[in-house]
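Heads up, the thing below is written out as structure tokens.
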Amino acid sequence: MKNNKFLILRRLVQLSVLFLFMSSSYLGLKILMGNYSSAFILETFHLADPYAVLQILSTGFIPAAELLIGAGVIVIFYAILGGRLFCSWVCPLNMVTDAASYLRKRLKIKPIIKKTESKKLKKVRYYVLFLGLFLSMIFGQTAFEIINPISMFYRTLIFGIGFSINIVLIVFLADLLVLPHLWCGHICPVGGFYSIIGKFSILKVQHTSENCTLCMKCKQVCPEVQVMGIIGKETGKIKSSECTDCARCIDVCDDNALHFKIIDPFTKK
Amino acid sequence: MLEYFKNKMTTRRDALKSMFQGAGYLALGGMFWGELVENASASPLALRPPGALPENQFTKACIKCGVCVEACPYDTLKLAQDGDNTVVGTPHFEPRDVACAMCTDIPCVPVCPSGALDINLVSVLNKETKEQKLDINKAKMGLAVINKESCVAFWGIQCDACYRACPLMDEAIFIDYEKNERTGKHAYLKPVVNGDACTGCGLCEHACITEQPAIKVFPVDLVTGKVGDHYIKGWEKEDEKRLKEVDETRSDDADVGSAMDYLNSGDDIFNDDF
């Protein structure tokens with residue numbers, strides 16, 4: 001039987017955050033106000049998307065201390081725990097792109113570019129990250145926030161379907177038809193940002209190659225397959241911080257060869 | 001040896017080539033993206049929440065979190081979507097739908113995390129107690145403009161909907177009485193906006209009885225003129241003080257005496273030397 005423990009847990013976390021955000025708009029529960037750009041917890045403390053704050057700083061505007069502190073808290077949280085935990089456990093767009101993956105497998109759609117051929121494109125996000133800051137500086141305008149599909153998706157849920165849903169559909173269809181994980185796994189600069197700050201985080205996926213039967217199910221489900229170089233070859237942790245800690249590989253592994261491990265950040269073991 | 005250099009050369013050439021190629025991709029993406037950003041920025045028409053920084057600063061500062069929108073008890077504020085004619089995700093309001101209710105506690109402003117809504121722009125400082133007190137009447141969300149051709153009050157029909165809707169009645173909008181020569185026995189009750197007091201809340205636009213509002217609120221910068229420093233209101237003491245600040249010393253002032261007396265000295269005129 002398929003084990004979906006982490007998948008269910010992940011959906012629960014994603015939907016809880018989404019519910020808390022939406023309930024403050026629709027039900028007046030002021031637990032988590034705002035959105036994924038900046039949240040206001042219990043009307044006392046602000047959190048902020050550090051990449052958005054970097055863009056604001058790039059425009060030449062020095063934001064209020066609340067925002068800088070809020071972004072700092074987020075950076076520290078993800079830097080310690082696991083950079084791209086945001087992508088797979090919080091970001092609402094993950095559900096959209098996972099739906100595309102599911103549908104692609106179900107309908108046996110063959111995308112234009114195969115998953116295995118996209119290794120070069122995996123670095124695009126860092127260029128987009130840099131370009132977003134550069135354009136913010138040139139145009140005096142938070143460049144990525146104008147096209148950010150995460151905020152577009154959330155605003156659609158609050159203010160109704162408008163033209164903004166376009167970019168979410170683009171992400172969905174591109175993922176479905178052009179290249180698997182095109183947005184989340186290649187382009188999204190927010191994911192790129194969290195990859196960078198997650199370099200020294202403590203939550204890693206551990207591989208036990210003695211148990212591995214080389215079924216390669218983990219590689220089939222992994223959205224960042226370039227991080228899985230050690231599978232079947234050596235025992236150890238998945239080092240790359242491009243791993244989103246989505247734990248899909250742990251779910252599908254029938255041979256107890258993969259599990260989460262908290263490592264000591266100093267000894268790296 | 002030659003083989004070695006050959007290899008070296010190709011790798012260097014390849015490296016250069018891929019570098020230029022990368023730069024090309026970056027430029028390509030940047031230009032596409034820049035076009036989007038540029039189009040999104042060219043939109044000065046939105047009315048902002050109270051306490052908003054000047055538009056060009058505001059769009060830089062706003063993180064688009066929508067906490068001000070959620071704090072607004074009247075659902076006046078909305079985050080802009082594509083097609084709303086302003087930077088996507090920034091808060092704005094359309095007074096014909098829902099005008100600003102001018103809450104005295106201004107709930108939308110203090111919750112702003114980025115400083116895009118500045119509490120200092122909507123509060124007054126008590127000089128004695130050094131206490132800052134919120135004052136929504138200081139807000140400059142926009143400025144109401146009347147189109148007198150479509151305002152029925154200017155036709156001679158009695159209507160003071162905007163005047164009565166205005167939270168600063170007789171300050172921001174007052175009524176100008178004028179004899180109606182057409183009937184000979186009636187008066188025009190013409191609404192007039194005082195730009196110094198108008199907060200741009202839009203309650204007048206919301207209340208206007210015509211099919212399309214004859215009074216509309218626009219961003220302040222869009223409708224205000226600027227006189228320039230060289231005009232001074234001589235009849236106002238405060239304004240006349242500016243005269244003292246005018247820098248009267250000019251470069252040619254130093255030699256005023258000789259310039260005025262050059263004919264009186266006489267020496268040069270009767271000089272036969274030339």
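By order in the structure tokens, chains are A, B, ...; within a chain, residues start at 1; ligands start at 1, following the order shown.
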Determine, using only C-alpha atoms, which residues of chain B have any atom at most 10 Å from an atom of chain A, and tabulate each with its shortest atom pair and distance in Å to one decimal place, rows ordered by chain and then rising number, as a tab-separated table.
```
residue	atom	partner	partner_atom	distance
B:Gly22	CA	A:Tyr127	CA	9.5
B:Tyr25	CA	A:Tyr127	CA	9.5
B:Leu26	CA	A:Tyr127	CA	7.2
B:Ala27	CA	A:Leu131	CA	9.2
B:Gly29	CA	A:Leu131	CA	8.3
B:Gly30	CA	A:Leu131	CA	6.6
B:Met31	CA	A:Leu135	CA	9.4
B:Trp33	CA	A:Ala143	CA	8.0
B:Gly34	CA	A:Leu135	CA	6.6
B:Leu36	CA	A:Ile146	CA	8.2
B:Val37	CA	A:Ala143	CA	6.0
B:Glu38	CA	A:Phe139	CA	7.0
B:Ala40	CA	A:Ile146	CA	7.4
B:Ser41	CA	A:Gln141	CA	7.3
B:Asn56	CA	A:Gly140	CA	8.2
B:Gln57	CA	A:Phe61	CA	7.5
B:Phe58	CA	A:Phe61	CA	9.4
B:Thr59	CA	A:Gln141	CA	6.5
B:Lys60	CA	A:Gln141	CA	5.1
B:Ala61	CA	A:Ile56	CA	6.0
B:Cys62	CA	A:Ile56	CA	8.0
B:Ile63	CA	A:Ser37	CA	6.5
B:Lys64	CA	A:Ser37	CA	6.7
B:Cys65	CA	A:Gly34	CA	5.0
B:Gly66	CA	A:Gly34	CA	5.2
B:Val67	CA	A:Gly34	CA	4.6
B:Cys68	CA	A:Gly34	CA	8.3
B:Val69	CA	A:Gly34	CA	8.5
B:Glu70	CA	A:Ser25	CA	6.0
B:Ala71	CA	A:Met33	CA	8.8
B:Lys78	CA	A:Phe159	CA	7.8
B:Leu79	CA	A:Arg155	CA	7.7
B:Ala80	CA	A:Arg155	CA	8.9
B:Gln81	CA	A:Ser164	CA	6.1
B:Asp82	CA	A:Ser164	CA	5.3
B:Gly83	CA	A:Phe163	CA	6.9
B:Asp84	CA	A:Phe163	CA	9.8
B:Val87	CA	A:Ile146	CA	7.2
B:Val88	CA	A:Ile146	CA	5.9
B:Gly89	CA	A:Ile146	CA	7.5
B:Thr90	CA	A:Ile146	CA	9.7
B:Val111	CA	A:Glu43	CA	8.0
B:Cys112	CA	A:Glu66	CA	8.9
B:Pro113	CA	A:Leu67	CA	5.3
B:Ser114	CA	A:Ala64	CA	4.9
B:Gly115	CA	A:Ala64	CA	5.1
B:Ala116	CA	A:Pro63	CA	7.8
B:Asp118	CA	A:Ala64	CA	9.6
```
Those in range 94-230 of chain B with strand (DSSP E) from DSSP, as a VMD selection string: chain B and resid 123 to 126 131 to 134 143 to 146 173 to 180 186 to 193 215 to 218
Counting only C-alpha atoms, the option among B:Ile106, B:Leu45, B:Ala207, B:Met19 closest to Cys166 in chain B: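 Among the listed residues, the smallest separation from Cys166 in chain B belongs to B:Ala207.
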All residues 10 Å or closer to Leu29 in chain A, only C-alpha atoms, same chain fewer than 6 positions away omitted, as an NGL selection string: :A and (20-23 or 42)
Take the residues from that selection and put them in a file with N, CA and C atoms, as a JSON list (two decimals), in the first residue's frame.
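Ended up saving to out.json:
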```
[["chain", "number", "residue", "atom", "x", "y", "z"],
["A", 20, "LEU", "N", -6.07, 30.07, 7.83],
["A", 20, "LEU", "CA", -5.88, 31.17, 8.79],
["A", 20, "LEU", "C", -5.84, 32.52, 8.08],
["A", 21, "PHE", "N", -5.15, 32.57, 6.94],
["A", 21, "PHE", "CA", -5.10, 33.81, 6.18],
["A", 21, "PHE", "C", -6.51, 34.20, 5.71],
["A", 22, "MET", "N", -7.20, 33.23, 5.11],
["A", 22, "MET", "CA", -8.50, 33.54, 4.53],
["A", 22, "MET", "C", -9.55, 33.84, 5.59],
["A", 23, "SER", "N", -9.45, 33.17, 6.74],
["A", 23, "SER", "CA", -10.46, 33.38, 7.77],
["A", 23, "SER", "C", -10.39, 34.80, 8.33],
["A", 42, "LEU", "N", -1.77, 37.73, 15.25],
["A", 42, "LEU", "CA", -2.52, 38.14, 16.45],
["A", 42, "LEU", "C", -2.46, 39.64, 16.69]]
```
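Computed from the coordinates, the CA of Pro167 in chain B to CA of Asn120 in chain B distance equals 21.2 Å.
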Within 7 Å of Gly232 in chain A using only C-alpha atoms, minus same-chain residues under 3 positions, as a list of chain:residue names: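 Listed by chain and then number, they are A:Ser209, A:Cys212, A:Leu214.
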Keeping C-alpha atoms, export the residues of the selection given above as a short mmCIF file (atom, residue, chain, number, x, y, z; two decimals), in the first residue's frame.
```
data_model
loop_
_atom_site.label_atom_id
_atom_site.label_comp_id
_atom_site.auth_asym_id
_atom_site.auth_seq_id
_atom_site.Cartn_x
_atom_site.Cartn_y
_atom_site.Cartn_z
CA SER A 209 21.95 2.77 0.53
CA CYS A 212 17.95 0.65 -1.30
CA LEU A 214 17.21 0.83 -6.78
#
```
